[in-house]
$ cat input-v3.cif   # mmCIF, C-alpha atoms and all ligand atoms
data_target
loop_
_atom_site.label_atom_id
_atom_site.label_comp_id
_atom_site.auth_asym_id
_atom_site.auth_seq_id
_atom_site.Cartn_x
_atom_site.Cartn_y
_atom_site.Cartn_z
CA MET A 24 14.36 1.91 -20.12
CA ASP A 25 15.29 3.61 -16.89
CA ARG A 26 14.84 1.18 -13.94
CA GLN A 27 12.72 3.46 -11.85
CA LEU A 28 10.34 4.25 -14.65
CA GLN A 29 10.14 0.59 -15.51
CA ALA A 30 9.15 -0.14 -11.92
CA THR A 31 6.66 2.70 -11.97
CA LEU A 32 5.03 1.49 -15.13
CA GLY A 33 5.08 -2.01 -13.71
CA GLU A 34 3.09 -0.77 -10.74
CA VAL A 35 0.51 0.88 -12.95
CA ALA A 36 0.26 -2.29 -14.98
CA ARG A 37 -0.13 -4.31 -11.80
CA ASP A 38 -2.68 -1.83 -10.56
CA HIS A 39 -4.76 -2.39 -13.62
CA THR A 40 -4.20 -6.09 -13.72
CA ALA A 41 -5.76 -6.11 -10.32
CA THR A 42 -8.80 -4.11 -11.14
CA ASP A 43 -9.52 -4.70 -14.81
CA HIS A 44 -11.25 -7.89 -13.87
CA HIS A 45 -13.92 -7.28 -16.44
CA ALA A 46 -11.40 -6.93 -19.26
CA SER A 47 -11.24 -10.02 -21.41
CA PRO A 48 -8.17 -12.01 -20.44
CA MET A 49 -5.62 -12.75 -23.14
CA SER A 50 -5.07 -16.49 -22.93
CA LEU A 51 -1.64 -17.86 -22.16
CA ALA A 52 -1.77 -19.71 -25.45
CA ALA A 53 -2.21 -16.41 -27.28
CA ARG A 54 0.81 -14.97 -25.52
CA SER A 55 3.19 -17.83 -26.10
CA ASN A 56 3.75 -20.45 -28.70
CA GLY A 57 4.15 -23.12 -26.06
CA HIS A 58 1.54 -25.50 -24.72
CA PRO A 59 0.53 -24.41 -21.22
CA SER A 60 -1.48 -26.75 -19.08
CA PRO A 61 -5.16 -26.76 -20.09
CA ASN A 62 -5.98 -25.89 -16.46
CA LEU A 63 -4.30 -22.53 -16.91
CA LEU A 64 -6.39 -21.73 -19.92
CA THR A 65 -9.66 -21.78 -18.03
CA ARG A 66 -11.14 -18.32 -17.77
CA ASP A 67 -10.63 -17.16 -14.23
CA ASP A 68 -11.57 -13.69 -13.06
CA ARG A 69 -9.03 -13.79 -10.28
CA TRP A 70 -6.10 -13.48 -12.68
CA SER A 71 -6.95 -11.20 -15.55
CA ALA A 72 -4.80 -9.63 -18.23
CA SER A 73 -4.48 -5.88 -18.42
CA VAL A 74 -5.49 -3.69 -21.29
CA ILE A 75 -3.52 -0.83 -19.79
CA ARG A 76 -0.38 -2.91 -19.43
CA ASP A 77 -0.33 -3.23 -23.21
CA LEU A 78 -0.85 0.50 -23.50
CA LEU A 79 2.08 1.18 -21.22
CA VAL A 80 4.38 -1.30 -22.87
CA HIS A 81 3.84 0.46 -26.16
CA ALA A 82 4.12 3.95 -24.74
CA ARG A 83 7.46 5.68 -25.35
CA ALA A 84 8.44 5.35 -21.73
CA GLU A 85 11.62 7.41 -21.92
CA ASP A 86 9.61 10.54 -22.74
CA ILE A 87 7.07 10.08 -19.98
CA ILE A 88 7.09 11.83 -16.62
CA SER A 89 5.49 9.41 -14.21
CA LEU A 90 3.14 10.51 -11.44
CA ALA A 91 1.81 6.96 -11.36
CA GLY A 92 3.75 4.69 -9.03
CA GLY A 93 3.86 4.68 -5.25
CA LEU A 94 7.63 4.41 -5.05
CA PRO A 95 9.97 6.18 -2.66
CA ALA A 96 12.28 8.67 -4.35
CA THR A 97 15.46 6.82 -5.34
CA GLU A 98 17.60 9.55 -3.82
CA MET A 99 15.86 9.02 -0.47
CA LEU A 100 17.01 5.39 -0.27
CA PRO A 101 20.00 5.48 2.10
CA ALA A 102 22.15 3.37 -0.23
CA GLU A 103 25.54 3.93 1.42
CA ARG A 104 24.21 3.28 4.89
CA LEU A 105 22.39 0.16 3.65
CA SER A 106 25.54 -1.10 1.99
CA ALA A 107 27.71 -0.52 5.08
CA THR A 108 25.10 -2.13 7.35
CA ALA A 109 24.78 -5.17 5.08
CA ALA A 110 28.56 -5.65 5.17
CA GLN A 111 28.61 -5.27 8.94
CA VAL A 112 25.68 -7.62 9.54
CA LEU A 113 27.16 -10.30 7.28
CA LEU A 114 30.27 -10.55 9.45
CA ASP A 115 28.11 -12.83 11.59
CA PRO A 116 27.35 -15.90 9.45
CA SER A 117 23.96 -16.35 11.15
CA ALA A 118 22.81 -13.48 8.90
CA ALA A 119 23.19 -15.92 6.01
CA GLN A 120 21.31 -18.73 7.77
CA TYR A 121 17.68 -19.85 7.97
CA GLY A 122 15.73 -18.12 10.73
CA PRO A 123 12.44 -18.38 12.64
CA SER A 124 9.20 -18.07 10.65
CA ALA A 125 7.85 -15.32 12.88
CA GLY A 126 10.97 -13.26 12.25
CA GLU A 127 14.33 -12.34 13.76
CA PRO A 128 14.03 -11.58 17.50
CA ALA A 129 16.23 -8.47 17.09
CA LEU A 130 13.83 -6.96 14.56
CA ARG A 131 10.70 -7.92 16.46
CA GLU A 132 12.18 -6.24 19.55
CA ALA A 133 13.17 -3.09 17.65
CA LEU A 134 9.69 -2.83 16.13
CA ALA A 135 7.93 -3.53 19.43
CA LEU A 136 9.92 -0.70 21.00
CA ASP A 137 9.02 1.62 18.13
CA LEU A 138 5.30 0.79 18.28
CA SER A 139 4.90 0.76 22.07
CA ARG A 140 3.02 3.59 23.78
CA PRO A 141 3.07 4.01 27.58
CA GLU A 142 -0.63 3.09 27.72
CA GLU A 143 -0.23 0.28 25.18
CA PRO A 144 3.06 -1.63 25.27
CA VAL A 145 3.68 -3.95 22.30
CA ASP A 146 4.99 -7.46 23.01
CA PRO A 147 7.56 -8.62 20.40
CA ASN A 148 5.85 -12.04 20.49
CA ASP A 149 2.71 -10.44 19.02
CA LEU A 150 4.59 -9.48 15.85
CA VAL A 151 5.33 -11.48 12.71
CA ILE A 152 7.86 -10.20 10.21
CA THR A 153 6.62 -10.60 6.65
CA THR A 154 8.02 -10.27 3.16
CA GLY A 155 6.61 -6.79 2.67
CA SER A 156 3.26 -5.81 4.14
CA GLN A 157 1.69 -7.15 0.96
CA GLN A 158 2.53 -10.63 2.20
CA ALA A 159 1.09 -9.80 5.62
CA LEU A 160 -2.17 -8.90 3.92
CA ASP A 161 -2.17 -12.06 1.86
CA LEU A 162 -1.46 -14.24 4.90
CA VAL A 163 -4.21 -12.57 6.94
CA VAL A 164 -6.75 -12.94 4.17
CA ARG A 165 -5.82 -16.57 3.62
CA SER A 166 -5.75 -17.39 7.34
CA LEU A 167 -8.93 -15.64 8.39
CA SER A 168 -11.38 -15.83 5.51
CA ARG A 169 -13.02 -18.34 3.22
CA PRO A 170 -14.00 -17.87 -0.44
CA GLY A 171 -17.26 -15.95 -0.59
CA ASP A 172 -16.72 -14.11 2.70
CA THR A 173 -17.27 -10.36 2.60
CA VAL A 174 -14.59 -7.76 3.15
CA CYS A 175 -15.57 -4.13 3.59
CA ILE A 176 -12.91 -1.94 2.01
CA GLU A 177 -12.41 1.75 1.42
CA ASP A 178 -13.83 2.90 -1.90
CA PRO A 179 -11.56 4.05 -3.58
CA GLY A 180 -9.19 1.49 -2.12
CA TYR A 181 -5.63 0.22 -2.33
CA ILE A 182 -5.22 -1.85 -5.47
CA GLY A 183 -2.84 -4.40 -3.95
CA ALA A 184 -5.44 -5.21 -1.28
CA VAL A 185 -8.14 -5.58 -3.88
CA GLN A 186 -5.88 -7.91 -5.82
CA THR A 187 -5.22 -10.13 -2.79
CA MET A 188 -8.86 -10.25 -1.75
CA ARG A 189 -10.09 -11.06 -5.23
CA ALA A 190 -7.45 -13.77 -5.55
CA SER A 191 -8.88 -15.30 -2.35
CA GLN A 192 -12.35 -15.05 -3.89
CA MET A 193 -13.68 -12.70 -1.24
CA HIS A 194 -16.72 -10.57 -1.92
CA LEU A 195 -15.69 -6.89 -1.85
CA HIS A 196 -18.05 -4.33 -0.42
CA GLY A 197 -16.86 -0.74 -1.03
CA VAL A 198 -17.38 1.81 1.75
CA PRO A 199 -16.94 5.50 0.78
CA VAL A 200 -13.93 7.48 2.01
CA ASP A 201 -13.97 11.20 2.76
CA ALA A 202 -11.46 13.56 4.37
CA GLU A 203 -11.83 11.67 7.68
CA GLY A 204 -11.27 8.24 6.17
CA MET A 205 -13.79 5.42 5.81
CA SER A 206 -17.37 6.50 6.47
CA ILE A 207 -18.36 4.55 9.54
CA ASP A 208 -21.99 5.61 9.03
CA ALA A 209 -21.91 3.89 5.64
CA LEU A 210 -20.22 0.83 7.14
CA GLU A 211 -22.83 0.65 9.86
CA ALA A 212 -25.60 0.97 7.26
CA ALA A 213 -24.07 -1.83 5.19
CA ILE A 214 -23.95 -4.07 8.24
CA ALA A 215 -27.55 -3.19 9.08
CA ASP A 216 -28.41 -4.18 5.50
CA GLY A 217 -26.88 -7.61 6.06
CA ALA A 218 -23.34 -7.19 4.68
CA ALA A 219 -21.90 -9.41 7.52
CA PRO A 220 -18.19 -8.71 6.89
CA GLN A 221 -15.53 -11.12 8.01
CA LEU A 222 -12.85 -8.47 7.44
CA CYS A 223 -12.74 -4.71 7.14
CA TYR A 224 -9.70 -3.12 5.48
CA VAL A 225 -8.52 0.45 6.13
CA ASN A 226 -5.39 2.60 5.75
CA PRO A 227 -5.58 4.72 8.92
CA ASN A 228 -2.93 7.27 7.90
CA PHE A 229 -2.60 8.92 4.46
CA GLN A 230 -4.74 6.42 2.64
CA ASN A 231 -3.74 5.03 -0.72
CA PRO A 232 -5.10 6.56 -2.94
CA THR A 233 -6.88 9.59 -1.37
CA GLY A 234 -4.38 10.63 1.35
CA ALA A 235 -7.19 10.67 3.95
CA VAL A 236 -6.51 10.15 7.66
CA LEU A 237 -9.08 8.25 9.72
CA SER A 238 -10.38 10.50 12.49
CA PRO A 239 -9.82 9.20 16.05
CA GLU A 240 -13.58 9.27 16.60
CA ARG A 241 -14.16 7.04 13.56
CA ALA A 242 -11.28 4.77 14.62
CA THR A 243 -13.04 4.17 17.95
CA ARG A 244 -16.41 3.54 16.30
CA LEU A 245 -14.83 1.15 13.81
CA VAL A 246 -13.36 -1.00 16.56
CA GLU A 247 -16.64 -0.93 18.51
CA LEU A 248 -18.44 -2.20 15.41
CA ALA A 249 -15.79 -4.91 14.87
CA GLU A 250 -16.25 -6.13 18.43
CA ARG A 251 -20.03 -6.00 18.27
CA HIS A 252 -20.31 -7.76 14.90
CA GLU A 253 -17.25 -9.97 15.30
CA PHE A 254 -15.15 -9.07 12.31
CA PHE A 255 -11.45 -8.26 12.06
CA VAL A 256 -10.19 -4.82 11.12
CA ILE A 257 -7.01 -4.84 9.03
CA ALA A 258 -5.27 -1.53 9.67
CA ASP A 259 -2.73 -1.43 6.84
CA ASP A 260 -0.52 1.53 7.66
CA PRO A 261 2.66 1.85 5.55
CA TYR A 262 2.59 5.68 5.49
CA ARG A 263 2.12 6.18 9.25
CA ALA A 264 5.57 7.72 9.81
CA LEU A 265 5.26 10.16 6.90
CA SER A 266 3.28 13.04 8.35
CA PHE A 267 4.66 16.28 6.89
CA SER A 268 4.00 18.16 10.11
CA GLY A 269 5.44 15.36 12.25
CA ALA A 270 2.00 14.80 13.83
CA ALA A 271 1.57 11.50 15.65
CA PRO A 272 -0.20 8.84 13.59
CA VAL A 273 -3.77 7.79 14.30
CA ASP A 274 -3.91 4.35 15.90
CA LEU A 275 -6.95 2.15 16.29
CA PRO A 276 -7.82 1.40 19.92
CA PRO A 277 -6.25 -1.90 21.03
CA SER A 278 -8.54 -4.87 20.51
CA PRO A 279 -8.26 -8.58 19.67
CA HIS A 280 -10.24 -7.63 16.56
CA VAL A 281 -7.54 -5.30 15.21
CA ILE A 282 -4.68 -6.51 13.01
CA ARG A 283 -2.06 -3.87 12.28
CA LEU A 284 0.20 -4.10 9.25
CA GLY A 285 3.31 -2.04 8.61
CA SER A 286 6.17 -1.79 6.18
CA MET A 287 9.74 -0.62 5.80
CA SER A 288 9.10 0.00 2.09
CA LYS A 289 8.24 3.68 2.31
CA THR A 290 10.69 4.63 5.04
CA LEU A 291 13.75 2.52 4.26
CA SER A 292 13.69 0.43 1.10
CA PRO A 293 10.95 -1.45 -0.76
CA GLY A 294 13.54 -3.77 -2.27
CA LEU A 295 14.37 -5.23 1.14
CA ARG A 296 10.77 -6.54 1.28
CA VAL A 297 10.39 -6.22 5.04
CA GLY A 298 6.95 -5.70 6.55
CA TRP A 299 5.24 -6.70 9.78
CA LEU A 300 1.96 -7.68 11.35
CA HIS A 301 0.81 -7.06 14.91
CA ALA A 302 -2.19 -8.93 16.26
CA HIS A 303 -3.71 -11.03 19.03
CA PRO A 304 -1.64 -14.18 19.83
CA ASP A 305 -4.30 -16.47 18.29
CA VAL A 306 -4.04 -14.61 15.00
CA ILE A 307 -0.25 -14.57 15.21
CA GLU A 308 -0.22 -18.36 15.61
CA ARG A 309 -2.32 -18.92 12.48
CA VAL A 310 -0.44 -16.37 10.42
CA THR A 311 2.92 -17.83 11.46
CA LEU A 312 1.80 -21.24 10.19
CA ALA A 313 0.66 -19.69 6.92
CA LYS A 314 3.99 -17.87 6.67
CA GLN A 315 5.87 -21.14 7.10
CA GLY A 316 3.89 -22.64 4.25
CA ALA A 317 4.45 -19.60 2.05
CA ASP A 318 8.20 -18.92 2.29
CA LEU A 319 9.54 -20.26 5.64
CA HIS A 320 10.67 -16.78 6.64
CA THR A 321 11.61 -13.34 5.37
CA PRO A 322 15.31 -13.13 4.37
CA THR A 323 17.43 -13.06 7.53
CA LEU A 324 19.94 -10.59 6.13
CA ASN A 325 17.23 -8.05 5.25
CA GLN A 326 15.65 -8.32 8.68
CA LEU A 327 18.98 -7.82 10.43
CA ILE A 328 19.78 -4.78 8.28
CA VAL A 329 16.48 -3.19 9.32
CA ALA A 330 16.98 -4.10 12.98
CA SER A 331 20.46 -2.59 12.98
CA LEU A 332 19.32 0.67 11.36
CA MET A 333 16.27 1.10 13.57
CA SER A 334 18.41 0.52 16.65
CA ASP A 335 20.60 3.49 15.75
CA THR A 336 17.94 5.83 17.10
CA PRO A 337 19.61 9.19 16.29
CA TRP A 338 20.23 8.10 12.69
CA TRP A 339 16.76 6.59 12.30
CA ASN A 340 15.01 9.70 13.67
CA ALA A 341 17.07 12.01 11.47
CA HIS A 342 16.35 9.82 8.46
CA LEU A 343 12.59 9.93 9.11
CA ALA A 344 12.75 13.70 9.57
CA SER A 345 14.49 14.11 6.22
CA LEU A 346 11.86 11.94 4.50
CA ARG A 347 9.05 14.02 5.96
CA ALA A 348 10.71 17.23 4.83
CA SER A 349 11.43 15.92 1.35
CA TYR A 350 7.98 14.44 0.70
CA GLY A 351 6.35 17.53 2.19
CA GLN A 352 8.28 19.68 -0.27
CA ARG A 353 7.28 17.39 -3.15
CA ARG A 354 3.62 17.64 -2.09
CA ASP A 355 3.88 21.43 -2.09
CA VAL A 356 5.40 21.52 -5.57
CA LEU A 357 2.75 19.20 -6.99
CA LEU A 358 -0.07 21.07 -5.27
CA HIS A 359 1.16 24.37 -6.67
CA ALA A 360 1.43 22.89 -10.17
CA VAL A 361 -2.07 21.39 -9.96
CA ARG A 362 -3.59 24.66 -8.80
CA THR A 363 -1.76 26.55 -11.53
CA HIS A 364 -2.49 24.27 -14.47
CA LEU A 365 -5.70 22.45 -13.46
CA PRO A 366 -7.69 25.04 -11.53
CA GLN A 367 -10.91 23.19 -12.38
CA ALA A 368 -9.92 20.06 -10.43
CA THR A 369 -11.02 19.45 -6.85
CA VAL A 370 -7.94 18.56 -4.83
CA ARG A 371 -7.78 16.61 -1.59
CA VAL A 372 -4.70 18.04 0.10
CA PRO A 373 -2.72 15.25 1.80
CA GLU A 374 -0.91 15.94 5.08
CA GLY A 375 1.44 13.01 4.59
CA GLY A 376 2.18 9.96 2.48
CA PHE A 377 2.79 9.81 -1.27
CA PHE A 378 -0.47 10.67 -3.05
CA LEU A 379 -2.71 13.51 -4.09
CA TRP A 380 -6.25 12.72 -5.21
CA LEU A 381 -8.14 14.76 -7.77
CA ASP A 382 -11.87 14.76 -8.44
CA ASP A 383 -13.70 16.26 -11.41
CA LEU A 384 -10.90 15.82 -13.88
CA GLY A 385 -11.67 14.32 -17.25
CA VAL A 386 -8.36 12.94 -18.50
CA ASP A 387 -7.94 9.82 -20.53
CA LEU A 388 -4.78 7.88 -19.64
CA ALA A 389 -3.98 7.09 -23.27
CA ALA A 390 -4.16 10.80 -24.16
CA ALA A 391 -2.02 11.68 -21.12
CA LEU A 392 0.61 9.12 -22.11
CA ASP A 393 0.65 10.59 -25.61
CA ALA A 394 1.20 13.99 -24.01
CA GLY A 395 4.08 12.49 -21.97
CA VAL A 396 2.68 12.04 -18.48
CA ALA A 397 1.51 8.96 -16.55
CA PHE A 398 -0.89 8.82 -13.61
CA VAL A 399 -3.33 6.25 -12.26
CA PRO A 400 -6.96 6.87 -13.26
CA GLY A 401 -9.50 6.86 -10.47
CA HIS A 402 -11.45 3.89 -11.80
CA ALA A 403 -8.44 1.66 -11.08
CA PHE A 404 -9.22 2.11 -7.34
CA ALA A 405 -13.00 1.85 -7.60
CA ILE A 406 -14.82 -0.90 -5.78
CA ASN A 407 -18.49 0.01 -6.35
CA SER A 408 -18.26 3.71 -7.13
CA ASP A 409 -17.81 5.45 -10.46
CA LEU A 410 -14.49 7.26 -10.29
CA SER A 411 -14.05 7.95 -13.98
CA LEU A 412 -13.44 11.66 -13.23
CA SER A 413 -10.85 11.08 -10.53
CA ALA A 414 -7.10 10.53 -10.62
CA ARG A 415 -4.27 9.66 -8.26
CA LEU A 416 -1.13 11.70 -8.73
CA SER A 417 1.94 10.51 -6.88
CA PHE A 418 4.49 13.10 -5.80
CA SER A 419 6.89 10.66 -4.16
CA SER A 420 9.26 9.82 -6.96
CA ALA A 421 8.96 12.22 -9.91
CA PRO A 422 11.95 14.57 -10.23
CA LEU A 423 11.00 17.86 -8.54
CA ASP A 424 12.04 19.92 -11.53
CA GLN A 425 9.72 17.95 -13.85
CA ILE A 426 6.51 18.18 -11.85
CA ASP A 427 5.44 21.52 -13.30
CA THR A 428 6.06 20.23 -16.83
CA ALA A 429 4.05 17.09 -16.06
CA LEU A 430 1.04 19.17 -14.97
CA ARG A 431 1.37 21.49 -17.94
CA ARG A 432 1.21 18.41 -20.19
CA LEU A 433 -1.78 17.02 -18.30
CA ALA A 434 -3.62 20.32 -18.71
CA THR A 435 -3.34 20.06 -22.51
CA VAL A 436 -5.43 16.88 -22.48
CA ALA A 437 -7.78 17.61 -19.55
CA SER A 438 -11.40 18.51 -20.17
N1 LIG B 1 -0.38 -1.27 1.65
C1 LIG B 1 -0.47 -0.08 1.04
C2 LIG B 1 -1.59 0.83 1.42
C3 LIG B 1 0.47 0.31 0.08
O1 LIG B 1 0.36 1.51 -0.51
C4 LIG B 1 1.53 -0.57 -0.22
C5 LIG B 1 2.59 -0.21 -1.25
N2 LIG B 1 2.10 0.34 -2.42
C6 LIG B 1 1.57 -1.80 0.42
C7 LIG B 1 0.61 -2.12 1.37
C8 LIG B 1 2.64 -2.83 0.12
O2 LIG B 1 3.82 -2.50 0.73
P1 LIG B 1 5.03 -3.51 0.84
O3 LIG B 1 6.10 -3.00 -0.08
O4 LIG B 1 5.44 -3.47 2.26
O5 LIG B 1 4.57 -4.87 0.44
#
$ encode --input "input-v3.cif" --output "structure tokens"
Amino acid sequence: MDRQLQATLGEVARDHTATDHHASPMSLAARSNGHPSPNLLTRDDRWSASVIRDLLVHARAEDIISLAGGLPATEMLPAERLSATAAQVLLDPSAAQYGPSAGEPALREALALDLSRPEEPVDPNDLVITTGSQQALDLVVRSLSRPGDTVCIEDPGYIGAVQTMRASQMHLHGVPVDAEGMSIDALEAAIADGAAPQLCYVNPNFQNPTGAVLSPERATRLVELAERHEFFVIADDPYRALSFSGAAPVDLPPSPHVIRLGSMSKTLSPGLRVGWLHAHPDVIERVTLAKQGADLHTPTLNQLIVASLMSDTPWWNAHLASLRASYGQRRDVLLHAVRTHLPQATVRVPEGGFFLWLDDLGVDLAAALDAGVAFVPGHAFAINSDLSLSARLSFSSAPLDQIDTALRRLATVAS
């Protein structure tokens, strides 16, 4: 099977593993002939098997056009430049050595420079480099919450966040998302009803899965609420640089209650596994300790490759501009195909990022796979809501010349 498709299907499977927590888990004993520890056989809703994974494994993957995964387009990974930079960086043997848990100073400085605004300079000491932003999320959840604590999260919400929070046995409270991001009225009402969140999770720019951007007015209200009710806001923002118009990203107002997460996965390479976290020094101290316990540090070589590429400002800016243009074109092609073949669907038009969200579309994933197209059904992202008539279509990695065919296939099985 083609590597990219394999990864894509893997992501869908992971997506569903994360959310199919009501599906009955297949025991380890049933999957292997060995004798796993009896402790592992205990039913545990944090780690459930996936019905859809089985579906995907049996699907004839080579015939399927995937609009499922949130992967960058392979052709947008700057492979030659990465290879040359890796060779260059490795000339200094310290690139092959252990490094500090908080991250390589060169990368923390490059990121601080990138994130700084005249009115809000970023101190490199307030950053921790993580093994992807997924690890940042995991470390924050583990450092700042206890089992049973409540997290308010966008509904529909990012599956990887749901997975991490469920694994930490948090109670998830879904807050609806509209075109302006999380509804702060609904959040306020939940708090008034006694929700008492310890954490609140949002994607400020081009949310996964709906593509929504949090309005600046809501961003301000969110931080006011966090300060008043003493919870942390996790602003997980991997798509912030991918505005098709080049518009500046929305940032939450600075506050000790805000923890910002970012990633090089969408703009440079997910395989490097480089992400970051920016927060108040007290949070940074705790997270750094958790990071030490988890993996000592993110690979030195990968961090130095990123630092070197970001420091070549003309190249980095041109690279980002080409990503915006390419993903913008992909969005246009998908949007046109959706409007042509699925005129009945309600589309949320994204202004950046990787995803297009559809409402009012009755399509069964199994039927779609039979027709030769994969997507992620809305219910995979649902926290409390019923999203059985919604779907996330990704335009980031499907070949441009297959998108129309994919939508034509989807239309044959849509009701
Ligand atoms: N947050 C969001 C909203 C994402 O969409 C993703 C990637 N799917 C991640 C975090 C994880 O990114 P990383 O590769 O940096 O771990």
$ atom_distance --input "input-v3.cif" --atom1 "CA of Thr363 (chain A)" --atom2 "CA of Leu237 (chain A)"
29.0 Å
$ residues_around --input "input-v3.cif" --residues "Ser408 (chain A)" --least-positions-apart "5" --cutoff "10 Å" --atoms "all atoms listed in the file" --output "list in words"
Asp178, Pro179, Gly197, Val198, Pro199, Gly401 and His402 of chain A
$ residues_near_ligand --input "input-v3.cif" --ligand "ligand LIG 1 (chain B)" --cutoff "9 Å" --atoms "all atoms listed in the file" --output "VMD selection string"
chain A and resid 34 92 to 94 153 to 160 180 to 184 225 to 226 229 to 232 259 to 262 284 to 289 292 to 299 377
$ axis_aligned_box --input "input-v3.cif" --around "region 328-335 of chain A" --padding-each-side "6 Å" --output "lines of an AutoDock Vina configuration file"
center_x = 18.4
center_y = -0.6
center_z = 12.5
size_x = 16.3
size_y = 20.3
size_z = 20.4
$ atom_distance --input "input-v3.cif" --atom1 "CA of Asp409 (chain A)" --atom2 "CA of Cys175 (chain A)"
17.2 Å
$ residues_around --input "input-v3.cif" --residues "Phe418 (chain A)" --least-positions-apart "3" --cutoff "7 Å" --atoms "all atoms listed in the file" --output "list in words"
Leu90, Arg353, Arg354, Leu357, Phe377, Phe378 and Ala421 of chain A
$ atom_distance --input "input-v3.cif" --atom1 "CA of Glu127 (chain A)" --atom2 "CA of Cys223 (chain A)"
28.9 Å
$ closest_residue --input "input-v3.cif" --among "A:Thr290, A:Thr187, A:Ile176, A:Ala218" --to "Leu332 (chain A)" --atoms "all atoms listed in the file"
A:Thr290
$ closest_residue --input "input-v3.cif" --among "A:Pro277, A:Glu211, A:Thr243, A:Pro227" --to "Pro144 (chain A)" --atoms "only C-alpha atoms"
A:Pro277
$ closest_residue --input "input-v3.cif" --among "A:Val396, A:Val273, A:Ala302, A:Leu105" --to "Ala135 (chain A)" --atoms "only C-alpha atoms"
A:Ala302
$ residues_around --input "input-v3.cif" --residues "Val151 (chain A)" --least-positions-apart "4" --cutoff "8 Å" --atoms "only C-alpha atoms" --output "list in words"
Ser124, Ala125, Gly126, Arg131, Trp299, Leu300, His301, Ile307, Val310 and Thr311 of chain A
$ residues_around --input "input-v3.cif" --residues "Leu136 (chain A)" --least-positions-apart "5" --cutoff "10 Å" --atoms "all atoms listed in the file" --output "list in words"
Leu130, Arg131, Pro144, Val145, Asp146, Pro147, Met333 and Ser334 of chain A
$ residues_around --input "input-v3.cif" --residues "Pro272 (chain A)" --least-positions-apart "2" --cutoff "8 Å" --atoms "all atoms listed in the file" --output "PyMOL selection string"
chain A and resi 228+263-264+266+270+274
$ build_atoms --input "input-v3.cif" --residues "region 311-324 of chain A" --atoms "N, CA and C atoms" --output "tab-separated table (two decimals), in the frame of the given file"
chain	number	residue	atom	x	y	z
A	311	THR	N	1.56	-17.28	11.47
A	311	THR	CA	2.92	-17.83	11.46
A	311	THR	C	2.94	-19.17	10.71
A	312	LEU	N	1.88	-19.97	10.92
A	312	LEU	CA	1.80	-21.24	10.19
A	312	LEU	C	1.66	-20.99	8.69
A	313	ALA	N	0.84	-20.01	8.34
A	313	ALA	CA	0.66	-19.69	6.92
A	313	ALA	C	1.97	-19.18	6.32
A	314	LYS	N	2.69	-18.42	7.10
A	314	LYS	CA	3.99	-17.87	6.67
A	314	LYS	C	4.98	-19.01	6.39
A	315	GLN	N	4.99	-19.99	7.31
A	315	GLN	CA	5.87	-21.14	7.10
A	315	GLN	C	5.57	-21.82	5.78
A	316	GLY	N	4.28	-21.99	5.50
A	316	GLY	CA	3.89	-22.64	4.25
A	316	GLY	C	4.21	-21.80	3.03
A	317	ALA	N	4.25	-20.48	3.21
A	317	ALA	CA	4.45	-19.60	2.05
A	317	ALA	C	5.93	-19.49	1.68
A	318	ASP	N	6.78	-19.12	2.66
A	318	ASP	CA	8.20	-18.92	2.29
A	318	ASP	C	9.17	-19.18	3.45
A	319	LEU	N	8.74	-19.95	4.43
A	319	LEU	CA	9.54	-20.26	5.64
A	319	LEU	C	9.81	-19.05	6.50
A	320	HIS	N	10.45	-18.04	5.90
A	320	HIS	CA	10.67	-16.78	6.64
A	320	HIS	C	11.16	-15.71	5.68
A	321	THR	N	11.09	-14.48	6.14
A	321	THR	CA	11.61	-13.34	5.37
A	321	THR	C	13.14	-13.36	5.45
A	322	PRO	N	13.84	-13.01	4.36
A	322	PRO	CA	15.31	-13.13	4.37
A	322	PRO	C	15.97	-12.56	5.64
A	323	THR	N	16.79	-13.41	6.26
A	323	THR	CA	17.43	-13.06	7.53
A	323	THR	C	18.28	-11.79	7.38
A	324	LEU	N	19.06	-11.74	6.33
A	324	LEU	CA	19.94	-10.59	6.13
A	324	LEU	C	19.13	-9.28	6.12
